[in-house]
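Notes to accompany the following structure.
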Amino acid sequence: MPLKLRYLARSSVLLNLSLTVIVSSFALQVQISQAASLPVFVAEDVFEMEYANDPQVSPDGARVAYVRTSMDIMTDQAKRTIWVVDSNGDNHRPLVSGSGNFSSPRWSPSGDRLAYLSNRDGKTQLFVQWLDGGETAKVTALPQSPRSIVWSPDGKYIAFTRFVPKASPTLAEIPAKPKGASWAEPATVIDRMTFRRDGGGYLPTGNNQVFVVPADGGTPRQMSNGDYPIGGPVTWMPDSKSIIFSSNRRDDAEYHPRQTDLFSASLLSGELEKVTDHAGSESNPVISPNGRYLAYTSAADTRQGYNGAQLRVKDLQSGEDRSLTEDLDRSVSDVQWTPDSKRLWISFNDVGVTRVAEIDLKGRLKQSDIVLGGTALGRPYTSGVFSVGGKGRLAFTLGRDDRPADLALMRPGKSPRVLTDLNNDLMGQREMARVERMTWASSHDGLEVEGWVMKPPGFDPNKTYPMILEIHGGPHSAYGPNYSTEAQLYAAAGYVVLYSNPRGSTSYGEEFANTIDLAYPGYDYDDLMSGVDALLDRGYVDANQLYVTGGSGGGVLTAWIVGKTDRFRAAVVAKPVINWASFVLTADLNYYFATTWFDAPPWEDYESYWKRSPLSLVGNVSTPTMLLTGEADYRTPMSETEQYYQALKHRGIDTLMVRIPGASHSIYARPSNLIAKVNNILAWFERYRDNASDALYETTE
C-alpha cells in the first residue's frame with residue numbers, strides 16, 4: 001500500500017474523532033446520563049426521520065440551498081422540499097415547498113435565481129424562481145421529465161437530459177379492429193439487450209438526449225441525436241457556446257457496457273466532437289472556471305469484477321491528458337473545481353466511509369476533516385454528497401452513526417460548522433445504538449478484515465445477547481460506521497449486530513476488491529465466519545443464538561453460509577442470486593454481469609456458474625431460511641428467490657417466502673417497505689430464539 005494510503009487508513013479514527021468534536025459543539029450529542037432513561041428506536045419512528053441531501057452553495061458563499069427529505073405517514077411517501085440556510089446557520093427556512101416534490105436546486109451564476117425540478121403539476125418539470133421577489137416560471141412542459149440540470153455560465157440557458165422515445169419495433173401486421181370493439185393489448189416486440197431496468201420497469205424504446213432551454217422559458221433545443229445512451233451530468237464551456245457530456249456512441253453500444261467517451265456539442269451548429277477516447281468509461285465532466293482544463297473520472301475496460309475510477313485532467317490548450325490519482329488506490333466519484341482553477345475537490349470511499357480531499361494539478365492530495373454520509377437510510381452503506389461554491393466554501397451532508405444526514409459547511413482554513421439539527425427532536429429523545437470498530441484476521445489467509453458492532457440499548461457486558469450477522473450487497477460496495485435504520489431497529493429489538501467489509505468490498509483498494517474476481521462467493525465466507533468467532537471471543541454474544549441475513553450480494557452470501565454451516569439458528573436471504581446461470585440471462589444488466597463477473601457465457605462454462613451458485617449447496621441446508629424480495633425487483637429477479645424457496649420446500653426445510661408488492665431491488669420505495677422488511681426479518685428470527693420474551697441471557701461461568 002503506498003505511503004499516502006497508509007495515512008488515509010490510519011487517519012480514519014482521527015477524522016471520526018474530529019467530527020465528534022464538531023457535532024458535540026453543536027449540542028447534538030445525548031448525554032450518557034440521560035440516555036439510559038430514554039425509549040428505544042421503534043418502527044413507527046421511521047416516519048419521523050428527516051435528512052439533508054444535495055447541498056448547493058450560493059455563488060457569493062452566503063447561503064446554502066439543499067433538499068430536505070421527510071416521511072409522510074399518511075401517503076407512505078418521502079416528501080422532498082428545498083430549504084435554504086445562511087452560512088452561519090441563521091435564517092433556516094423553506095424556499096420551495098407545497099404540494100408535490102422538489103429537488104435539484106441549482107443557483108444561477110449571479111445568484112439571483114434558483115432552478116429546480118418539481119412534480120407539483122403532475123409530471124416533473126423544470127422551474128426557475130427569482131429570489132428577490134419570489135416569482136416562479138415553469139420553464140418546461142415536456143412529456144418526459146428533465147434531469148441533470150445545469151446553468152450556462154452566462155445565466156441565459158439551462159442544459160438538461162431527458163428521455164426521448166422512438167417508435168417501438170413491430171413485426172406482424174394486425175388487422176384493424178371493428179369500430180367499438182374491445183381487443184387485447186397489441187403484442188410487444190423487443191429487440192434490445194436491456195429491455196427492463198430495476199426501478200424503471202419495462203423500458204420504452206428510445207434514449208436519453210441532451211437539451212438546452214432558455215432560462216426564462218422557451219423551446220428546448222435537442223443537442224444530441226441517435227440511438228446512443230447518454231449519462232449525466234453535463235458541463236458548459238465558460239463561453240456558454242458548447243456543452244460536454246458522456247455517451248457511448250458505438251453502433252454496438254449494448255455489447256460494450258463498460259465503454260463511454262466525452263463529447264462536446266456546439267450550441268450554434270449542433271456539431272459533435274469527441275473529446276476523450278480511452279478504453280473504458282469516461283464520465284462526470286467538469287470544466288475549470290478559466291476554461292483551460294477538463295476534469296473527469298475514468299475507469300478501465302478491464303474484464304474484472306471491479307475497476308476503480310481515476311481523476312483525469314485534460315489541458316484543452318496543449319491536449320495533455322493525465323491522471324492525477326495514480327497513487328490514490330481509491331475510486332473517485334465526484335469532482336468539483338475551486339474558483340481559482342488551480343485545485344479540485346474530490347470524494348472517494350476509504351475504509352468504510354466517504355471522504356473529501358483537495359488535489360492540485362500536480363496530483364498532490366490534501367485530505368480534509370470531512371466524512372460524508374447519512375443519505376443511505378436503510379443499511380450502513382457509504383453515502384453523502386458535497387458542493388463547492390462562492391468564496392471556496394464547501395457544503396456537505398454530515399455523516400454520523402446514530403442519525404441521518406445533517407447539513408454542514410466548511411470555510412477555507414476553518415473547521416466545519418454544522419448548520420442543521422433535523423433529527424434532534426426524534427433521535428435526541430431515543431437511546432440510539434452506537435458503532436464500535438473491530439478487526440480480525442481471516443481464517444483463510446490471515447487477511448485483515450474490518451467490521452463494526454452495534455449493541456442493544458441498556459447493554460450489560462455481564463450478560464449475553466443474541467447476534468445478527470448482517471451482510472452487505474454489491475458485492476463491490478462498502479459498509480462503515482454510518483447511519484443504518486435497519487441496524488438500529490435490530491439493536492433496539494435486543495440483538496448485537498455485526499456487519500463488516502469482507503474481501504471484495506470497496507474502499508480498501510482495487511486489489512482487495514478483486515480478491516473475489518471469478519471467486520465469489522468463496523473465501524469471503526471465511527472472512528465472515530472469522531468475524532463471528534472474533535465477536536464470540538468477547539464473551540457477550542450467545543453462541544447458540546446466532547442469526548444471519550443480507551440483501552442482494554449479502555443474500556448470495558447468506559444462502560452460501562447456510563449451505564456451508566448449521567451454526568446459525570435462522571437465516572433471511574433477501575433479494576439474492578441463487579443460480580448464476582439463470583441470473584445472467586434474466587437480470588436487467590444481464591450482459592454486463594455475464595461479461596464482467598465471468599469469463600464465458602453459461603453455455604460455454606456452466607461448471608463455473610454452478611460451483612458459485614448457492615443452489616448447488618441447497619442439499620446441505622438445515623437452517624430455517626426465509627426469502628424476502630420485492631416483486632418489481634429486476635436486478636435480482638423474483639425467479640431467483642422462487643428457485644431457492646421451491647428447493648427448500650422440496651427438502652422439507654422450514655421456510656417462508658415474503659414478497660414486497662411494488663418494491664424494486666432497493667425495497668425502500670416507500671417508508672412502510674423498510675418497516676415491512678425489518679419486522680418480517682425480526683419476526684422470523686423470533687420464531688427460533690430461546691427465551692424469545694427475554695432480550696438478555698445471564699452469562700454462566
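Every chain in the C-alpha cells takes a letter, A first, then B, and so on in the order presented; its residues are numbered from 1, and the ligands are numbered from 1 following the presented order.
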Q. Could you write out, as number ranges by chain, all the residues of range 167-408 of chain A that DSSP marks as strand (DSSP E or B)?
A. A: 196-197, 201-202, 206-214, 221-222, 230-236, 242-247, 260-266, 272-274, 280-287, 293-300, 309-315, 321-323, 332-337, 343-350, 353-360, 365-372, 381, 386-388, 394-398, 406-408
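The neighbours of Met454 in chain A here are the residues that come within 8 Å of it, using only C-alpha atoms and leaving out any residue fewer than 5 positions away in the same chain; they are Ala433, Arg434, Val435, Glu436, Ala487, Gln488, Ala491, Val496, Val497 and Leu498 of chain A.
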Q: Return the single residue from A:Leu407, A:Thr558, A:Asn590, A:Phe396 that is closest to Arg68 in chain A, with distances computed using only C-alpha atoms.
A: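 Answer, going by the shortest atom-to-atom distance: A:Leu407.
If you count only C-alpha atoms and ignore residues fewer than 3 places along the chain from range 90-94 of chain A, what sits within 12 Å of it is Ala62, Arg63, Val64, Ala65, Tyr66, Val67, Arg68, Thr69, Arg80, Thr81, Ile82, Trp83, Val84, Val85, Asp86, Ser87, Ser97, Gly98, Phe102, Leu407, Arg417, Val418, Leu419, Thr420, Asp421 and Leu422 of chain A.
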Q) Hey, what does DSSP flag as helix (DSSP H, G or I) within range 191-433 of chain A? Can you give it to me as a count of residues only? A) 10
**Q.** CA of Ser152 in chain A to CA of Ser110 in chain A, distance in Å rounded to a single decimal
**A.** 11.0 Å
With the cut-off set at 6 Å and counting only C-alpha atoms, tabulate each residue of range 429-541 of chain A with an atom at most that distance from an atom of range 549-554 of chain A, showing the nearest atom pair and its distance in Å to one decimal, ordered by chain and increasing number, as CSV.
residue,atom,partner,partner_atom,distance
A:Glu470,CA,A:Thr549,CA,5.1
A:Ile471,CA,A:Gly550,CA,4.4
A:His472,CA,A:Gly554,CA,4.8
A:Gly473,CA,A:Gly553,CA,3.8
A:Gly474,CA,A:Gly553,CA,5.2
A:Pro475,CA,A:Gly553,CA,5.1
Q: Find the distance between CA of Gly363 in chain A and CA of Met410 in chain A and write it in Å to one decimal.
A: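 CA of Met410 in chain A lies 22.2 Å from CA of Gly363 in chain A.
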Q) Nearest to Ile73 in chain A among A:Arg670, A:Arg196, A:Arg687, A:Arg393, with distances taken over only C-alpha atoms: which residue is it? A) A:Arg670
Q: Please provide as a VMD selection string all residues within 12 Å of Trp610 in chain A, with the sequence filter that same-chain residues fewer than 2 positions apart are discarded (counting only C-alpha atoms).
A: chain A and resid 519 to 521 577 to 583 598 602 to 603 605 to 608 612 to 618
Q) Which residues, written as a ChimeraX atom specification, have at least one atom at most 10 Å from Glu254 in chain A, with only C-alpha atoms counted and residues fewer than 5 positions away on the same chain left out? A) /A:192-194,228-229,248,259,591-592
What are the closest atom pairs, with distances in Å to one decimal, for all residues of range 455-573 of chain A lying within 10 Å of range 623-645 of chain A? Consider only C-alpha atoms, order rows by chain and residue number, and present the result as CSV.
residue,atom,partner,partner_atom,distance
A:Tyr547,CA,A:Thr623,CA,9.9
A:Val548,CA,A:Thr625,CA,9.5
A:Thr549,CA,A:Met626,CA,9.4
A:Gly551,CA,A:Leu628,CA,8.7
A:Ser552,CA,A:Thr636,CA,7.0
A:Gly553,CA,A:Thr636,CA,9.5
A:Gly555,CA,A:Leu627,CA,9.0
A:Thr558,CA,A:Thr625,CA,9.4
A:Ala559,CA,A:Thr625,CA,8.4
A:Ile561,CA,A:Thr623,CA,9.8
A:Val562,CA,A:Thr623,CA,6.2
A:Gly563,CA,A:Thr623,CA,8.6
A:Thr565,CA,A:Thr623,CA,8.5
A:Asp566,CA,A:Thr623,CA,6.0
A:Arg567,CA,A:Thr623,CA,8.3
A:Phe568,CA,A:Thr623,CA,6.8
A:Arg569,CA,A:Thr623,CA,6.4
A:Ala570,CA,A:Pro624,CA,4.9
A:Ala571,CA,A:Thr625,CA,4.7
A:Val572,CA,A:Met626,CA,4.7
A:Val573,CA,A:Leu627,CA,4.9
With all heavy atoms retained, could you export that selection as a short mmCIF file (atom, residue, chain, number, x, y, z; two decimals), in the first residue's frame?
data_model
loop_
_atom_site.label_atom_id
_atom_site.label_comp_id
_atom_site.auth_asym_id
_atom_site.auth_seq_id
_atom_site.Cartn_x
_atom_site.Cartn_y
_atom_site.Cartn_z
N TYR A 547 -27.83 -15.46 14.25
CA TYR A 547 -28.75 -15.30 13.12
C TYR A 547 -28.01 -14.56 12.01
O TYR A 547 -27.06 -13.81 12.27
CB TYR A 547 -30.00 -14.53 13.56
CG TYR A 547 -30.69 -15.19 14.73
CD1 TYR A 547 -30.30 -14.91 16.04
CD2 TYR A 547 -31.68 -16.14 14.54
CE1 TYR A 547 -30.89 -15.55 17.12
CE2 TYR A 547 -32.29 -16.78 15.61
CZ TYR A 547 -31.88 -16.48 16.90
OH TYR A 547 -32.47 -17.12 17.96
N VAL A 548 -28.45 -14.76 10.78
CA VAL A 548 -27.74 -14.16 9.65
C VAL A 548 -28.73 -13.69 8.61
O VAL A 548 -29.75 -14.34 8.35
CB VAL A 548 -26.73 -15.17 9.04
CG1 VAL A 548 -27.43 -16.44 8.54
CG2 VAL A 548 -25.93 -14.52 7.91
N THR A 549 -28.42 -12.54 8.03
CA THR A 549 -29.23 -12.01 6.93
C THR A 549 -28.37 -11.10 6.07
O THR A 549 -27.30 -10.64 6.48
CB THR A 549 -30.46 -11.23 7.45
OG1 THR A 549 -31.28 -10.86 6.34
CG2 THR A 549 -30.04 -9.96 8.20
N GLY A 551 -28.77 -8.71 1.98
CA GLY A 551 -29.55 -8.46 0.77
C GLY A 551 -28.69 -8.34 -0.46
O GLY A 551 -27.55 -7.86 -0.40
N SER A 552 -29.21 -8.79 -1.60
CA SER A 552 -28.52 -8.75 -2.88
C SER A 552 -27.25 -9.61 -2.78
O SER A 552 -27.34 -10.81 -2.54
CB SER A 552 -28.21 -7.31 -3.27
OG SER A 552 -27.82 -7.23 -4.61
N GLY A 553 -26.06 -9.01 -2.91
CA GLY A 553 -24.85 -9.80 -2.70
C GLY A 553 -24.80 -10.39 -1.31
O GLY A 553 -24.25 -11.48 -1.10
N GLY A 555 -27.47 -11.38 0.19
CA GLY A 555 -28.37 -12.53 0.08
C GLY A 555 -27.66 -13.73 -0.51
O GLY A 555 -27.90 -14.88 -0.09
N THR A 558 -25.59 -15.06 2.34
CA THR A 558 -26.41 -15.71 3.37
C THR A 558 -26.82 -17.11 2.92
O THR A 558 -26.74 -18.08 3.69
CB THR A 558 -27.65 -14.86 3.67
OG1 THR A 558 -27.23 -13.55 4.10
CG2 THR A 558 -28.49 -15.49 4.76
N ALA A 559 -27.26 -17.24 1.66
CA ALA A 559 -27.62 -18.56 1.15
C ALA A 559 -26.40 -19.48 1.08
O ALA A 559 -26.49 -20.69 1.31
CB ALA A 559 -28.25 -18.43 -0.24
N ILE A 561 -23.82 -19.31 3.13
CA ILE A 561 -23.47 -19.64 4.51
C ILE A 561 -24.30 -20.82 5.02
O ILE A 561 -23.76 -21.76 5.61
CB ILE A 561 -23.64 -18.40 5.41
CG1 ILE A 561 -22.49 -17.42 5.18
CG2 ILE A 561 -23.74 -18.78 6.88
CD1 ILE A 561 -22.69 -16.06 5.81
N VAL A 562 -25.63 -20.78 4.81
CA VAL A 562 -26.46 -21.87 5.34
C VAL A 562 -26.23 -23.17 4.57
O VAL A 562 -26.60 -24.25 5.05
CB VAL A 562 -27.95 -21.49 5.34
CG1 VAL A 562 -28.20 -20.32 6.28
CG2 VAL A 562 -28.48 -21.20 3.94
N GLY A 563 -25.59 -23.08 3.40
CA GLY A 563 -25.19 -24.29 2.69
C GLY A 563 -23.85 -24.83 3.14
O GLY A 563 -23.47 -25.93 2.76
N THR A 565 -22.69 -24.20 6.71
CA THR A 565 -22.65 -24.39 8.16
C THR A 565 -24.06 -24.38 8.73
O THR A 565 -24.96 -23.77 8.13
CB THR A 565 -21.81 -23.29 8.84
OG1 THR A 565 -21.80 -23.50 10.25
CG2 THR A 565 -22.39 -21.91 8.58
N ASP A 566 -24.23 -25.03 9.88
CA ASP A 566 -25.52 -25.00 10.56
C ASP A 566 -25.42 -24.25 11.89
O ASP A 566 -26.24 -24.44 12.79
CB ASP A 566 -26.04 -26.42 10.80
CG ASP A 566 -25.10 -27.25 11.68
OD1 ASP A 566 -24.03 -26.72 12.08
OD2 ASP A 566 -25.44 -28.41 11.96
N ARG A 567 -24.42 -23.37 12.02
CA ARG A 567 -24.20 -22.68 13.30
C ARG A 567 -25.24 -21.60 13.58
O ARG A 567 -25.35 -21.12 14.71
CB ARG A 567 -22.79 -22.09 13.34
CG ARG A 567 -22.59 -20.89 12.44
CD ARG A 567 -21.14 -20.43 12.39
NE ARG A 567 -20.61 -20.13 13.72
CZ ARG A 567 -19.41 -19.60 13.93
NH1 ARG A 567 -18.61 -19.34 12.91
NH2 ARG A 567 -19.00 -19.34 15.15
N PHE A 568 -26.00 -21.17 12.55
CA PHE A 568 -26.99 -20.12 12.74
C PHE A 568 -28.36 -20.71 13.02
O PHE A 568 -28.78 -21.69 12.37
CB PHE A 568 -27.03 -19.21 11.51
CG PHE A 568 -25.77 -18.41 11.34
CD1 PHE A 568 -24.74 -18.89 10.53
CD2 PHE A 568 -25.59 -17.21 11.99
CE1 PHE A 568 -23.56 -18.18 10.39
CE2 PHE A 568 -24.41 -16.48 11.85
CZ PHE A 568 -23.39 -16.97 11.05
N ARG A 569 -29.08 -20.13 13.96
CA ARG A 569 -30.41 -20.60 14.33
C ARG A 569 -31.41 -20.40 13.19
O ARG A 569 -32.31 -21.23 12.97
CB ARG A 569 -30.91 -19.85 15.57
CG ARG A 569 -30.42 -20.41 16.88
CD ARG A 569 -31.06 -21.78 17.14
NE ARG A 569 -30.73 -22.28 18.46
CZ ARG A 569 -31.48 -22.08 19.53
NH1 ARG A 569 -32.58 -21.36 19.44
NH2 ARG A 569 -31.11 -22.58 20.69
N ALA A 570 -31.31 -19.27 12.50
CA ALA A 570 -32.23 -18.96 11.40
C ALA A 570 -31.55 -17.96 10.48
O ALA A 570 -30.61 -17.26 10.88
CB ALA A 570 -33.55 -18.40 11.93
N ALA A 571 -32.05 -17.89 9.25
CA ALA A 571 -31.47 -17.00 8.24
C ALA A 571 -32.57 -16.35 7.43
O ALA A 571 -33.65 -16.93 7.25
CB ALA A 571 -30.53 -17.79 7.32
N VAL A 572 -32.29 -15.14 6.95
CA VAL A 572 -33.18 -14.48 5.99
C VAL A 572 -32.35 -14.09 4.78
O VAL A 572 -31.41 -13.29 4.87
CB VAL A 572 -33.85 -13.24 6.59
CG1 VAL A 572 -34.68 -12.53 5.51
CG2 VAL A 572 -34.74 -13.62 7.77
N VAL A 573 -32.68 -14.69 3.66
CA VAL A 573 -32.00 -14.44 2.39
C VAL A 573 -32.84 -13.41 1.62
O VAL A 573 -33.94 -13.72 1.18
CB VAL A 573 -31.86 -15.75 1.58
CG1 VAL A 573 -31.28 -15.47 0.21
CG2 VAL A 573 -31.02 -16.75 2.34
#
Q) If we count only C-alpha atoms, what is near Ser387 in chain A at a cut-off of 12 Å, once residues fewer than 3 positions away on the same chain are taken out, given as a count of residues only? A) 37
Q | Residue neighbourhood Val164 in chain A, 8 Å, only C-alpha atoms, exclusion window fewer than 5 positions, as a VMD selection string | A | chain A and resid 144 206 to 209
File dump, residues just selected, C-alpha atoms, as a compact mmCIF listing (two decimals), in the first residue's frame:
# COMPACT_ATOMS: atom_id res chain seq x y z
CA GLN A 144 -40.70 13.24 -20.34
CA GLY A 206 -35.54 5.38 -27.04
CA ASN A 207 -32.60 7.02 -25.27
CA ASN A 208 -31.67 9.97 -23.09
CA GLN A 209 -30.65 13.06 -25.04
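Take CA of Asp72 in chain A and CA of Pro404 in chain A: the distance between them is 16.6 Å.
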Q: Would you mind telling me which residue in A:Met432, A:Val541, A:Ile174, A:Leu316 lies nearest to Lys463 in chain A when using only C-alpha atoms?
A: A:Val541
Q.
So, with only C-alpha atoms as the atoms that count, which of A:Asn225, A:Asn679, A:Ser266, A:Thr188 lies closest to Ala492 in chain A?
A.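 Distance minimum relative to Ala492 in chain A lands on A:Asn679.
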